[in-house]
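Have a look at final-v2.cif; it's mmCIF, C-alpha atoms:
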data_query
#
loop_
_atom_site.label_atom_id
_atom_site.label_comp_id
_atom_site.auth_asym_id
_atom_site.auth_seq_id
_atom_site.Cartn_x
_atom_site.Cartn_y
_atom_site.Cartn_z
CA MET Z 2 0.00 0.00 0.00
CA SER Z 3 1.09 3.58 -0.52
CA ILE Z 4 0.84 6.87 1.34
CA ALA Z 5 -2.22 8.89 0.29
CA GLU Z 6 -2.38 11.67 2.89
CA VAL Z 7 0.01 13.32 5.36
CA THR Z 8 -1.38 15.90 7.77
CA ALA Z 9 0.09 17.63 10.80
CA HIS Z 10 -2.43 18.89 13.34
CA PRO Z 11 -1.06 21.72 15.55
CA LEU Z 12 -2.91 21.81 18.88
CA ALA Z 13 -3.05 24.02 21.95
CA ILE Z 14 -4.69 22.41 25.00
CA ALA Z 15 -4.62 24.12 28.39
CA PRO Z 16 -3.44 22.30 31.52
CA ALA Z 17 -6.29 21.18 33.75
CA GLY Z 18 -6.80 22.80 37.13
CA GLY Z 19 -5.56 26.30 36.32
CA ASP Z 20 -2.66 26.37 38.82
CA THR Z 21 0.14 25.20 36.51
CA PRO Z 22 2.49 28.03 35.45
CA TRP Z 23 3.13 26.63 31.94
CA ILE Z 24 5.36 29.06 30.09
CA TRP Z 25 3.29 29.04 26.87
CA GLY Z 26 -0.12 29.12 28.55
CA ALA Z 27 -1.50 26.15 26.62
CA LEU Z 28 0.48 23.03 25.85
CA ASN Z 29 1.32 22.78 22.15
CA GLN Z 30 1.27 19.44 20.38
CA VAL Z 31 1.81 18.51 16.75
CA ILE Z 32 -0.02 15.32 15.91
CA VAL Z 33 0.97 13.75 12.59
CA GLU Z 34 -1.52 11.66 10.65
CA VAL Z 35 -0.41 9.40 7.78
CA LYS Z 36 -3.18 7.74 5.78
CA THR Z 37 -2.75 5.02 3.16
CA ASP Z 38 -4.64 4.52 -0.07
CA ASP Z 39 -6.73 1.77 1.56
CA GLY Z 40 -7.77 4.02 4.45
CA LEU Z 41 -5.46 2.83 7.25
CA VAL Z 42 -4.24 5.62 9.57
CA GLY Z 43 -1.02 5.89 11.54
CA TRP Z 44 -0.42 8.48 14.26
CA GLY Z 45 2.81 10.21 15.19
CA GLU Z 46 3.96 13.28 17.10
CA ALA Z 47 6.45 16.03 16.29
CA PHE Z 48 7.93 18.20 19.03
CA GLY Z 49 5.87 21.37 19.11
CA TYR Z 50 6.38 23.33 22.33
CA GLY Z 51 6.33 27.04 21.55
CA GLN Z 52 6.53 26.50 17.79
CA ALA Z 53 3.72 24.11 16.85
CA LEU Z 54 2.82 26.00 13.68
CA SER Z 55 6.41 25.83 12.44
CA ALA Z 56 6.71 22.10 13.03
CA ALA Z 57 3.31 21.51 11.42
CA ALA Z 58 4.31 23.59 8.39
CA MET Z 59 7.47 21.50 7.98
CA VAL Z 60 5.30 18.37 7.75
CA ASN Z 61 2.48 19.82 5.68
CA HIS Z 62 4.48 21.83 3.16
CA THR Z 63 7.96 20.27 3.00
CA LEU Z 64 7.73 16.60 3.94
CA ARG Z 65 4.28 15.79 2.54
CA PRO Z 66 5.27 16.20 -1.16
CA LEU Z 67 8.20 13.83 -0.63
CA LEU Z 68 5.95 11.16 0.90
CA MET Z 69 2.88 11.11 -1.33
CA GLY Z 70 2.50 7.85 -3.24
CA GLN Z 71 5.48 6.21 -1.53
CA ASP Z 72 5.58 2.70 -0.02
CA GLU Z 73 4.46 3.00 3.60
CA THR Z 74 6.50 -0.06 4.63
CA ASP Z 75 9.87 1.41 3.58
CA ILE Z 76 10.32 3.31 6.82
CA ARG Z 77 14.10 3.43 6.84
CA GLY Z 78 14.31 4.35 3.17
CA LEU Z 79 11.71 7.10 3.49
CA VAL Z 80 13.42 8.62 6.53
CA ASP Z 81 16.77 8.55 4.76
CA THR Z 82 15.22 10.35 1.80
CA LEU Z 83 13.59 12.95 4.03
CA MET Z 84 16.85 13.62 5.85
CA ARG Z 85 18.87 13.93 2.65
CA ARG Z 86 16.33 16.10 0.84
CA THR Z 87 15.92 18.50 3.78
CA HIS Z 88 19.46 18.78 5.15
CA ILE Z 89 19.92 22.13 3.40
CA PHE Z 90 17.34 23.58 5.84
CA GLY Z 91 19.36 22.42 8.85
CA ARG Z 92 19.84 18.92 10.17
CA TYR Z 93 18.30 19.63 13.54
CA GLY Z 94 15.41 21.55 15.09
CA VAL Z 95 12.08 21.83 13.29
CA THR Z 96 13.22 19.75 10.32
CA GLN Z 97 14.05 16.79 12.52
CA PHE Z 98 10.93 17.29 14.64
CA GLY Z 99 8.74 16.91 11.55
CA ILE Z 100 10.62 13.82 10.36
CA SER Z 101 10.20 12.32 13.84
CA GLY Z 102 6.43 12.74 13.71
CA VAL Z 103 6.14 11.14 10.29
CA GLU Z 104 8.42 8.23 11.25
CA ILE Z 105 6.42 7.41 14.40
CA ALA Z 106 3.22 7.39 12.33
CA LEU Z 107 4.80 4.97 9.84
CA TRP Z 108 5.69 2.58 12.68
CA ASP Z 109 2.11 2.83 13.96
CA LEU Z 110 0.95 1.82 10.48
CA ALA Z 111 3.43 -1.06 10.41
CA GLY Z 112 2.13 -2.41 13.69
CA LYS Z 113 -1.45 -2.14 12.52
CA ARG Z 114 -0.61 -3.98 9.28
CA ALA Z 115 1.06 -6.76 11.25
CA GLY Z 116 -1.63 -6.85 13.93
CA LYS Z 117 1.05 -6.45 16.61
CA PRO Z 118 1.87 -3.79 19.22
CA LEU Z 119 5.00 -1.78 18.52
CA TYR Z 120 7.06 -3.44 21.25
CA GLN Z 121 6.42 -6.86 19.70
CA LEU Z 122 7.22 -5.57 16.24
CA LEU Z 123 10.58 -4.38 17.59
CA GLY Z 124 11.39 -7.74 19.18
CA GLY Z 125 9.41 -7.98 22.41
CA ALA Z 126 9.57 -6.73 25.99
CA ALA Z 127 10.29 -8.37 29.32
CA SER Z 128 7.46 -6.44 30.98
CA ARG Z 129 4.70 -4.06 29.92
CA ASP Z 130 4.95 -2.12 33.20
CA VAL Z 131 6.94 1.12 33.08
CA GLN Z 132 7.58 3.16 36.23
CA ALA Z 133 6.98 6.90 35.85
CA TYR Z 134 8.57 9.81 37.63
CA ALA Z 135 6.80 13.12 38.22
CA SER Z 136 8.41 15.99 36.31
CA LEU Z 137 7.25 19.26 37.88
CA VAL Z 138 7.28 22.55 36.00
CA ARG Z 139 9.28 25.50 37.35
CA TYR Z 140 7.44 27.39 40.07
CA ALA Z 141 8.04 30.97 41.17
CA ASP Z 142 6.35 30.10 44.47
CA MET Z 143 8.56 27.65 46.38
CA GLU Z 144 5.72 26.49 48.62
CA GLN Z 145 3.51 25.73 45.64
CA MET Z 146 6.35 23.62 44.24
CA ALA Z 147 6.74 21.79 47.54
CA GLU Z 148 3.00 21.13 47.73
CA HIS Z 149 2.95 19.55 44.26
CA ALA Z 150 6.06 17.48 44.98
CA ALA Z 151 4.59 16.08 48.19
CA ARG Z 152 1.31 15.32 46.41
CA ALA Z 153 3.14 13.39 43.68
CA VAL Z 154 4.78 11.18 46.30
CA LYS Z 155 1.39 10.45 47.88
CA GLU Z 156 0.05 9.48 44.43
CA GLY Z 157 2.66 6.75 44.09
CA TYR Z 158 5.46 8.35 42.10
CA GLU Z 159 8.84 7.05 43.25
CA MET Z 160 11.04 9.78 41.78
CA ILE Z 161 10.55 13.54 41.51
CA LYS Z 162 12.11 16.03 39.10
CA LEU Z 163 12.28 19.73 39.92
CA HIS Z 164 13.00 22.53 37.47
CA GLN Z 165 14.08 25.01 40.16
CA ILE Z 166 17.49 26.68 39.76
CA ASP Z 167 18.30 27.85 43.30
CA VAL Z 168 19.63 25.83 46.21
CA GLU Z 169 16.96 27.00 48.63
CA SER Z 170 14.20 25.60 46.41
CA ILE Z 171 16.00 22.27 46.08
CA ALA Z 172 16.32 22.09 49.87
CA ARG Z 173 12.60 22.78 50.21
CA GLY Z 174 11.78 20.16 47.61
CA ARG Z 175 13.88 17.56 49.39
CA SER Z 176 12.13 18.35 52.64
CA ALA Z 177 8.73 17.96 50.97
CA ILE Z 178 9.40 14.52 49.47
CA GLY Z 179 11.50 13.12 52.32
CA GLU Z 180 14.90 11.48 52.54
CA GLY Z 181 15.67 8.51 50.33
CA MET Z 182 13.26 9.47 47.54
CA PRO Z 183 15.20 9.89 44.25
CA LEU Z 184 15.34 13.60 43.35
CA THR Z 185 16.53 15.04 40.03
CA VAL Z 186 16.92 18.67 39.02
CA ASP Z 187 16.60 20.03 35.47
CA ILE Z 188 18.33 23.39 34.96
CA ASN Z 189 17.37 23.85 31.28
CA CYS Z 190 20.84 25.09 30.24
CA GLU Z 191 21.29 28.12 32.52
CA TRP Z 192 24.98 28.24 33.52
CA THR Z 193 28.59 28.31 32.40
CA PRO Z 194 30.58 25.16 33.21
CA HIS Z 195 32.22 26.97 36.15
CA GLU Z 196 28.86 28.10 37.55
CA ALA Z 197 27.41 24.64 36.93
CA ALA Z 198 30.20 22.97 38.90
CA GLN Z 199 29.64 25.28 41.88
CA MET Z 200 25.88 24.78 41.82
CA ALA Z 201 26.17 21.03 41.32
CA VAL Z 202 28.16 20.72 44.53
CA ALA Z 203 25.74 22.96 46.46
CA MET Z 204 22.62 21.18 45.19
CA ASP Z 205 24.10 17.73 45.74
CA GLU Z 206 24.01 18.45 49.47
CA HIS Z 207 20.37 17.44 49.04
CA ASP Z 208 21.21 14.08 47.44
CA LEU Z 209 20.62 14.43 43.71
CA TYR Z 210 19.95 11.36 41.61
CA TRP Z 211 21.09 13.41 38.62
CA LEU Z 212 21.56 17.03 37.56
CA GLU Z 213 20.11 17.73 34.12
CA GLU Z 214 21.38 20.09 31.43
CA PRO Z 215 23.16 22.58 33.70
CA VAL Z 216 25.37 24.11 30.97
CA TRP Z 217 24.73 26.65 28.20
CA PRO Z 218 24.89 25.89 25.34
CA PRO Z 219 23.54 22.33 25.63
CA GLU Z 220 25.96 21.06 22.97
CA ASP Z 221 28.98 22.06 25.07
CA TYR Z 222 29.78 18.43 25.76
CA ILE Z 223 33.33 19.21 26.88
CA GLY Z 224 31.92 21.64 29.46
CA LEU Z 225 29.44 19.02 30.69
CA ALA Z 226 32.21 16.45 31.00
CA GLU Z 227 34.30 18.89 33.04
CA VAL Z 228 31.39 19.49 35.42
CA MET Z 229 30.82 15.80 35.97
CA GLU Z 230 34.52 15.00 36.37
CA SER Z 231 35.18 17.84 38.82
CA THR Z 232 32.08 17.31 40.99
CA GLY Z 233 31.24 13.62 40.76
CA VAL Z 234 27.55 14.55 40.32
CA PRO Z 235 25.82 12.36 37.69
CA LEU Z 236 24.60 14.42 34.72
CA ALA Z 237 21.71 13.84 32.34
CA SER Z 238 21.47 15.48 28.94
CA GLY Z 239 20.18 15.01 25.41
CA GLU Z 240 16.68 16.42 25.14
CA ASN Z 241 18.05 19.15 22.85
CA ALA Z 242 20.12 16.75 20.73
CA CYS Z 243 18.97 15.33 17.41
CA THR Z 244 20.13 12.14 15.67
CA ALA Z 245 22.52 9.50 16.90
CA HIS Z 246 25.45 11.54 15.60
CA GLN Z 247 25.03 14.22 18.27
CA PHE Z 248 24.60 11.58 20.97
CA LYS Z 249 27.78 9.85 19.83
CA LEU Z 250 29.72 13.10 20.28
CA MET Z 251 28.17 13.53 23.71
CA MET Z 252 29.07 10.03 24.81
CA GLU Z 253 32.59 10.20 23.39
CA ALA Z 254 33.16 13.34 25.48
CA GLY Z 255 32.08 11.55 28.65
CA ALA Z 256 29.41 14.23 29.15
CA VAL Z 257 26.56 12.17 30.63
CA THR Z 258 25.58 9.31 32.87
CA TYR Z 259 21.97 9.38 31.66
CA ALA Z 260 21.31 9.93 27.95
CA GLN Z 261 17.98 11.62 27.22
CA PRO Z 262 16.77 11.13 23.65
CA SER Z 263 13.35 12.49 22.79
CA VAL Z 264 11.57 10.35 20.20
CA THR Z 265 9.72 13.41 18.86
CA LYS Z 266 13.01 15.24 18.24
CA VAL Z 267 15.77 12.78 17.32
CA GLY Z 268 14.23 11.40 14.14
CA GLY Z 269 11.73 8.94 15.52
CA ILE Z 270 11.76 5.33 16.69
CA GLY Z 271 14.56 4.06 14.46
CA GLU Z 272 16.93 6.84 15.51
CA PHE Z 273 15.99 6.33 19.17
CA LEU Z 274 17.01 2.68 18.85
CA LYS Z 275 20.39 3.70 17.40
CA ILE Z 276 20.91 5.96 20.43
CA ALA Z 277 19.89 3.15 22.77
CA THR Z 278 22.53 0.90 21.19
CA LEU Z 279 25.13 3.65 21.61
CA ALA Z 280 24.17 4.05 25.27
CA GLU Z 281 24.52 0.32 25.84
CA THR Z 282 27.93 0.35 24.12
CA TYR Z 283 29.12 3.18 26.40
CA ASN Z 284 27.57 1.47 29.47
CA LEU Z 285 25.15 4.37 30.03
CA SER Z 286 21.52 4.46 31.09
CA LEU Z 287 18.63 5.97 29.17
CA ALA Z 288 16.35 8.55 30.77
CA PRO Z 289 14.24 9.68 27.81
CA HIS Z 290 12.77 13.15 27.53
CA SER Z 291 9.03 12.52 27.27
CA PRO Z 292 6.85 15.30 28.76
CA TYR Z 293 4.16 14.61 26.18
CA PHE Z 294 0.52 13.57 26.10
CA GLY Z 295 0.24 12.10 22.60
CA PRO Z 296 1.77 9.42 20.37
CA GLY Z 297 5.29 10.52 21.37
CA PHE Z 298 4.66 9.47 24.97
CA VAL Z 299 3.12 6.16 23.94
CA ALA Z 300 6.00 5.43 21.55
CA THR Z 301 8.42 6.07 24.43
CA LEU Z 302 6.56 3.56 26.60
CA HIS Z 303 6.98 0.89 23.91
CA LEU Z 304 10.65 1.76 23.44
CA LEU Z 305 11.45 1.60 27.15
CA ALA Z 306 9.68 -1.73 27.54
CA HIS Z 307 11.63 -3.07 24.57
CA THR Z 308 15.13 -1.70 25.22
CA ARG Z 309 15.14 -2.26 29.03
CA LEU Z 310 17.78 0.46 29.37
CA ALA Z 311 15.75 2.86 31.50
CA GLN Z 312 14.09 2.53 34.88
CA TRP Z 313 11.76 5.49 34.42
CA ILE Z 314 9.57 7.35 31.98
CA GLU Z 315 9.19 11.10 32.44
CA LYS Z 316 5.58 12.15 33.12
CA ILE Z 317 5.07 15.89 33.16
CA TYR Z 318 3.16 16.52 36.37
CA PHE Z 319 -0.17 17.87 35.21
CA ASP Z 320 -3.05 16.73 33.06
CA LEU Z 321 -4.72 18.46 30.14
CA GLU Z 322 -8.31 19.63 30.00
CA ALA Z 323 -8.92 17.21 27.09
CA ASP Z 324 -7.52 13.70 26.61
CA LEU Z 325 -6.04 13.29 23.16
CA PHE Z 326 -6.84 9.58 22.97
CA THR Z 327 -10.18 7.85 22.59
CA GLU Z 328 -9.11 5.52 25.43
CA PRO Z 329 -6.86 6.70 28.27
CA LEU Z 330 -3.57 4.99 29.00
CA LYS Z 331 -3.57 2.52 31.89
CA PHE Z 332 -1.86 4.17 34.86
CA ALA Z 333 -1.94 3.28 38.56
CA ASP Z 334 0.40 3.83 41.52
CA GLY Z 335 2.99 5.56 39.37
CA VAL Z 336 3.14 2.76 36.77
CA TYR Z 337 2.05 2.85 33.12
CA THR Z 338 1.01 -0.29 31.26
CA VAL Z 339 2.21 -0.38 27.66
CA PRO Z 340 -0.79 -0.78 25.32
CA ASP Z 341 -1.07 -4.17 23.65
CA GLY Z 342 -3.22 -3.13 20.70
CA PRO Z 343 -1.77 -3.01 17.17
CA GLY Z 344 0.84 -0.32 16.52
CA LEU Z 345 1.00 2.23 19.30
CA GLY Z 346 -2.22 0.79 20.65
CA ARG Z 347 -4.11 4.07 20.96
CA GLU Z 348 -6.25 6.09 18.55
CA VAL Z 349 -6.42 9.88 18.50
CA ASN Z 350 -9.74 11.56 19.24
CA ARG Z 351 -10.70 13.52 16.12
CA ASP Z 352 -13.09 15.73 18.08
CA VAL Z 353 -10.12 16.94 20.14
CA LEU Z 354 -8.09 17.55 16.97
CA LYS Z 355 -10.89 19.73 15.66
CA GLU Z 356 -11.72 21.62 18.87
CA TYR Z 357 -8.15 22.48 19.89
CA ARG Z 358 -6.55 23.01 16.50
CA MET Z 359 -4.36 26.09 16.20
CA THR Z 360 -4.91 28.32 13.18
CA GLY Z 361 -2.35 29.97 10.95
CA ASP Z 362 -0.48 26.99 9.48
#
Take the structure in this file and express it as structure tokens.
Amino acid sequence: MSIAEVTAHPLAIAPAGGDTPWIWGALNQVIVEVKTDDGLVGWGEAFGYGQALSAAAMVNHTLRPLLMGQDETDIRGLVDTLMRRTHIFGRYGVTQFGISGVEIALWDLAGKRAGKPLYQLLGGAASRDVQAYASLVRYADMEQMAEHAARAVKEGYEMIKLHQIDVESIARGRSAIGEGMPLTVDINCEWTPHEAAQMAVAMDEHDLYWLEEPVWPPEDYIGLAEVMESTGVPLASGENACTAHQFKLMMEAGAVTYAQPSVTKVGGIGEFLKIATLAETYNLSLAPHSPYFGPGFVATLHLLAHTRLAQWIEKIYFDLEADLFTEPLKFADGVYTVPDGPGLGREVNRDVLKEYRMTGD
């Protein structure tokens, strides 16, 4: 069968509850739909935070013409063509986000054709249970942050991530969740290597499981390696990296303990698997970037169950006012169950696509 339609749906859905200080107001998602000439639909997701219309335009106006009429089963060949034909626009960023969304949708189609869930199509999984950690947003109000962290522990999460960048907040977070609970801190690339080393030592007084992306720019792998070597604090990085080539440079530099590929950024499922193999070769763990609510999150669940290289999946700690799927994911006591339906195992709710669609693409 061949590809008949390719459509990116840019969405903006507000967090539920009204007390989440999300930087863009509503959470942006880019849902990619690939339809075949016999009517089968595959769903994917391109990274869209803060630039959903740009990522959607990449799919709808640049990638779509290259995909129409092509063999849906030639996933690797199609991705190679997309990468080669678009490299002049830049190998990373929006270009790679769009390719990621298309590639995930093609794998969803492949699973549906085979009548198998993605993890089986990839070679199986030891368990369909994946432990989640609660990834809090950055709060201006320290007590509000502490309240949410303590609530997450009560709900069954067994690791907490903070996005605070001062030592006092980290101390308050540790107090809220208690001793012994794994605590990670994501800095989002704020500091020089020298500043990062000083802050890493100060924050590690509160027993960090890892410190995430402390250095600007994020591709300063030498700087990250210097921080880790001089402080002994485990570092996590990779959410801003695309393709296995960037991860190879990162690992060669000795810049991370936890590699953080994002399936909606790196090029999709196939590229994620290349990165997982690299991590295994360098004796590193995976800690994927996955603060999503759509096919990107579900694809990450399948990948973690299959690769067995990560203990946790990142769950951004809020819900949306509308569920993107027609059937919610199974989640209890901090554990997700990987869907066992064909492909990703979840269908997108078209009413939500229509109601929350952004205009202007």
Output as a Markdown table one row per residue of stretch 21-63 of chain Z within 10 Å of stretch 128-151 of chain Z: the closest atom pair and its distance in Å to one decimal place, counting only C-alpha atoms, sorted by chain and residue number ascending.
| residue | atom | partner | partner_atom | distance |
| --- | --- | --- | --- | --- |
| Z:Thr21 | CA | Z:Val138 | CA | 7.6 |
| Z:Pro22 | CA | Z:Tyr140 | CA | 6.8 |
| Z:Trp23 | CA | Z:Val138 | CA | 7.1 |
| Z:Ile24 | CA | Z:Arg139 | CA | 9.0 |
For the file shown, what are the residues hit by the PyMOL selection byres ((chain Z and resi 249-251) around 12), laid out as a VMD selection string?
chain Z and resid 219 to 226 236 to 248 252 to 262 275 to 283 285
So that I can see what lies close to Z:Lys316, please list as number ranges by chain the residues with an atom at most 12 Å from it, counting all atoms listed in the file and leaving out residues fewer than 3 positions away in the same chain.
Z: 131-138, 153, 158-162, 288-295, 297-299, 301-302, 313, 319-320, 332, 335-337
Just the selected residues (C-alpha atoms), exported as a PDB file, keeping the file's coordinate frame, please.
ATOM      1  CA  VAL Z 131       6.940   1.120  33.080  1.00  0.00           C
ATOM      2  CA  GLN Z 132       7.580   3.160  36.230  1.00  0.00           C
ATOM      3  CA  ALA Z 133       6.980   6.900  35.850  1.00  0.00           C
ATOM      4  CA  TYR Z 134       8.570   9.810  37.630  1.00  0.00           C
ATOM      5  CA  ALA Z 135       6.800  13.120  38.220  1.00  0.00           C
ATOM      6  CA  SER Z 136       8.410  15.990  36.310  1.00  0.00           C
ATOM      7  CA  LEU Z 137       7.250  19.260  37.880  1.00  0.00           C
ATOM      8  CA  VAL Z 138       7.280  22.550  36.000  1.00  0.00           C
ATOM      9  CA  ALA Z 153       3.140  13.390  43.680  1.00  0.00           C
ATOM     10  CA  TYR Z 158       5.460   8.350  42.100  1.00  0.00           C
ATOM     11  CA  GLU Z 159       8.840   7.050  43.250  1.00  0.00           C
ATOM     12  CA  MET Z 160      11.040   9.780  41.780  1.00  0.00           C
ATOM     13  CA  ILE Z 161      10.550  13.540  41.510  1.00  0.00           C
ATOM     14  CA  LYS Z 162      12.110  16.030  39.100  1.00  0.00           C
ATOM     15  CA  ALA Z 288      16.350   8.550  30.770  1.00  0.00           C
ATOM     16  CA  PRO Z 289      14.240   9.680  27.810  1.00  0.00           C
ATOM     17  CA  HIS Z 290      12.770  13.150  27.530  1.00  0.00           C
ATOM     18  CA  SER Z 291       9.030  12.520  27.270  1.00  0.00           C
ATOM     19  CA  PRO Z 292       6.850  15.300  28.760  1.00  0.00           C
ATOM     20  CA  TYR Z 293       4.160  14.610  26.180  1.00  0.00           C
ATOM     21  CA  PHE Z 294       0.520  13.570  26.100  1.00  0.00           C
ATOM     22  CA  GLY Z 295       0.240  12.100  22.600  1.00  0.00           C
ATOM     23  CA  GLY Z 297       5.290  10.520  21.370  1.00  0.00           C
ATOM     24  CA  PHE Z 298       4.660   9.470  24.970  1.00  0.00           C
ATOM     25  CA  VAL Z 299       3.120   6.160  23.940  1.00  0.00           C
ATOM     26  CA  THR Z 301       8.420   6.070  24.430  1.00  0.00           C
ATOM     27  CA  LEU Z 302       6.560   3.560  26.600  1.00  0.00           C
ATOM     28  CA  TRP Z 313      11.760   5.490  34.420  1.00  0.00           C
ATOM     29  CA  PHE Z 319      -0.170  17.870  35.210  1.00  0.00           C
ATOM     30  CA  ASP Z 320      -3.050  16.730  33.060  1.00  0.00           C
ATOM     31  CA  PHE Z 332      -1.860   4.170  34.860  1.00  0.00           C
ATOM     32  CA  GLY Z 335       2.990   5.560  39.370  1.00  0.00           C
ATOM     33  CA  VAL Z 336       3.140   2.760  36.770  1.00  0.00           C
ATOM     34  CA  TYR Z 337       2.050   2.850  33.120  1.00  0.00           C
TER      35      TYR Z 337
END
Could you give me, as a PyMOL selection string, the residues within 7 Å of stretch 67-81 of chain Z, counting all atoms listed in the file and dropping anything in the same chain fewer than 6 positions from it?
chain Z and resi 2-6+104+107+111
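Counting all atoms listed in the file and comparing Z:Ala58, Z:Leu119, Z:Val228, Z:Val154, the residue that lies closest to Z:Glu180 is Z:Val154.
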Hey, can you check how far atom CA of Z:Thr232 sits from atom CA of Z:His195?
10.8 Å
Choose the residue, out of Z:Val234, Z:Ile89, Z:Met182, Z:Val168, that has the smallest atom-to-atom separation from Z:Ala203; count only C-alpha atoms.
Z:Val168
Name all residues at most 12 Å from Z:Leu12 (count only C-alpha atoms; drop same-chain ones fewer than 6 positions away) and give them as a VMD selection string.
chain Z and resid 27 to 33 46 to 54 56 to 57 294 to 295 321 323 325 351 to 362
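For the set Z:Leu310, Z:Leu305, Z:Leu110, Z:Leu83, the residue with the smallest atom-to-atom gap to Z:Asn284 is Z:Leu310, counting all atoms listed in the file.
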Selection result of the PyMOL selection byres ((chain Z and resi 207-213) around 8) on this file, as a CSV table (one decimal) with C-alpha atoms, in the coordinates of the input:
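Okay, this is what ended up in expr_24.csv:
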chain,number,residue,atom,x,y,z
Z,171,ILE,CA,16.0,22.3,46.1
Z,172,ALA,CA,16.3,22.1,49.9
Z,175,ARG,CA,13.9,17.6,49.4
Z,183,PRO,CA,15.2,9.9,44.2
Z,184,LEU,CA,15.3,13.6,43.4
Z,185,THR,CA,16.5,15.0,40.0
Z,186,VAL,CA,16.9,18.7,39.0
Z,187,ASP,CA,16.6,20.0,35.5
Z,188,ILE,CA,18.3,23.4,35.0
Z,189,ASN,CA,17.4,23.8,31.3
Z,201,ALA,CA,26.2,21.0,41.3
Z,204,MET,CA,22.6,21.2,45.2
Z,205,ASP,CA,24.1,17.7,45.7
Z,206,GLU,CA,24.0,18.4,49.5
Z,214,GLU,CA,21.4,20.1,31.4
Z,215,PRO,CA,23.2,22.6,33.7
Z,234,VAL,CA,27.6,14.6,40.3
Z,235,PRO,CA,25.8,12.4,37.7
Z,236,LEU,CA,24.6,14.4,34.7
Z,237,ALA,CA,21.7,13.8,32.3
Z,238,SER,CA,21.5,15.5,28.9
Starting from the incomplete input, reconstruct N, CA and C atoms of stretch 20-35 of chain Z and report them as a PDB file, in the frame of the given file.
ATOM      1  N   ASP Z  20      -3.712  25.889  37.917  1.00  0.00           N
ATOM      2  CA  ASP Z  20      -2.660  26.370  38.820  1.00  0.00           C
ATOM      3  C   ASP Z  20      -1.264  25.970  38.346  1.00  0.00           C
ATOM      4  N   THR Z  21      -1.145  25.600  37.073  1.00  0.00           N
ATOM      5  CA  THR Z  21       0.140  25.200  36.510  1.00  0.00           C
ATOM      6  C   THR Z  21       0.743  26.354  35.720  1.00  0.00           C
ATOM      7  N   PRO Z  22       1.888  26.887  36.130  1.00  0.00           N
ATOM      8  CA  PRO Z  22       2.490  28.030  35.450  1.00  0.00           C
ATOM      9  C   PRO Z  22       3.232  27.611  34.183  1.00  0.00           C
ATOM     10  N   TRP Z  23       2.512  27.089  33.193  1.00  0.00           N
ATOM     11  CA  TRP Z  23       3.130  26.630  31.940  1.00  0.00           C
ATOM     12  C   TRP Z  23       3.533  27.852  31.123  1.00  0.00           C
ATOM     13  N   ILE Z  24       4.767  27.866  30.675  1.00  0.00           N
ATOM     14  CA  ILE Z  24       5.360  29.060  30.090  1.00  0.00           C
ATOM     15  C   ILE Z  24       4.597  29.549  28.858  1.00  0.00           C
ATOM     16  N   TRP Z  25       3.999  28.630  28.078  1.00  0.00           N
ATOM     17  CA  TRP Z  25       3.290  29.040  26.870  1.00  0.00           C
ATOM     18  C   TRP Z  25       1.779  29.138  27.069  1.00  0.00           C
ATOM     19  N   GLY Z  26       1.318  29.042  28.296  1.00  0.00           N
ATOM     20  CA  GLY Z  26      -0.120  29.120  28.550  1.00  0.00           C
ATOM     21  C   GLY Z  26      -0.803  27.802  28.283  1.00  0.00           C
ATOM     22  N   ALA Z  27      -0.968  27.449  27.014  1.00  0.00           N
ATOM     23  CA  ALA Z  27      -1.500  26.150  26.620  1.00  0.00           C
ATOM     24  C   ALA Z  27      -0.356  25.270  26.162  1.00  0.00           C
ATOM     25  N   LEU Z  28      -0.545  23.966  26.282  1.00  0.00           N
ATOM     26  CA  LEU Z  28       0.480  23.030  25.850  1.00  0.00           C
ATOM     27  C   LEU Z  28       0.306  22.756  24.360  1.00  0.00           C
ATOM     28  N   ASN Z  29       1.355  23.001  23.602  1.00  0.00           N
ATOM     29  CA  ASN Z  29       1.320  22.780  22.150  1.00  0.00           C
ATOM     30  C   ASN Z  29       1.686  21.337  21.828  1.00  0.00           C
ATOM     31  N   GLN Z  30       0.958  20.776  20.897  1.00  0.00           N
ATOM     32  CA  GLN Z  30       1.270  19.440  20.380  1.00  0.00           C
ATOM     33  C   GLN Z  30       1.123  19.465  18.868  1.00  0.00           C
ATOM     34  N   VAL Z  31       1.936  18.678  18.191  1.00  0.00           N
ATOM     35  CA  VAL Z  31       1.810  18.510  16.750  1.00  0.00           C
ATOM     36  C   VAL Z  31       1.578  17.031  16.483  1.00  0.00           C
ATOM     37  N   ILE Z  32       0.356  16.696  16.166  1.00  0.00           N
ATOM     38  CA  ILE Z  32      -0.020  15.320  15.910  1.00  0.00           C
ATOM     39  C   ILE Z  32       0.033  15.073  14.409  1.00  0.00           C
ATOM     40  N   VAL Z  33       0.770  14.048  14.012  1.00  0.00           N
ATOM     41  CA  VAL Z  33       0.970  13.750  12.590  1.00  0.00           C
ATOM     42  C   VAL Z  33       0.130  12.544  12.209  1.00  0.00           C
ATOM     43  N   GLU Z  34      -0.647  12.713  11.157  1.00  0.00           N
ATOM     44  CA  GLU Z  34      -1.520  11.660  10.650  1.00  0.00           C
ATOM     45  C   GLU Z  34      -1.040  11.239   9.260  1.00  0.00           C
ATOM     46  N   VAL Z  35      -0.777   9.953   9.094  1.00  0.00           N
ATOM     47  CA  VAL Z  35      -0.410   9.400   7.780  1.00  0.00           C
ATOM     48  C   VAL Z  35      -1.472   8.378   7.396  1.00  0.00           C
TER      49      VAL Z  35
END
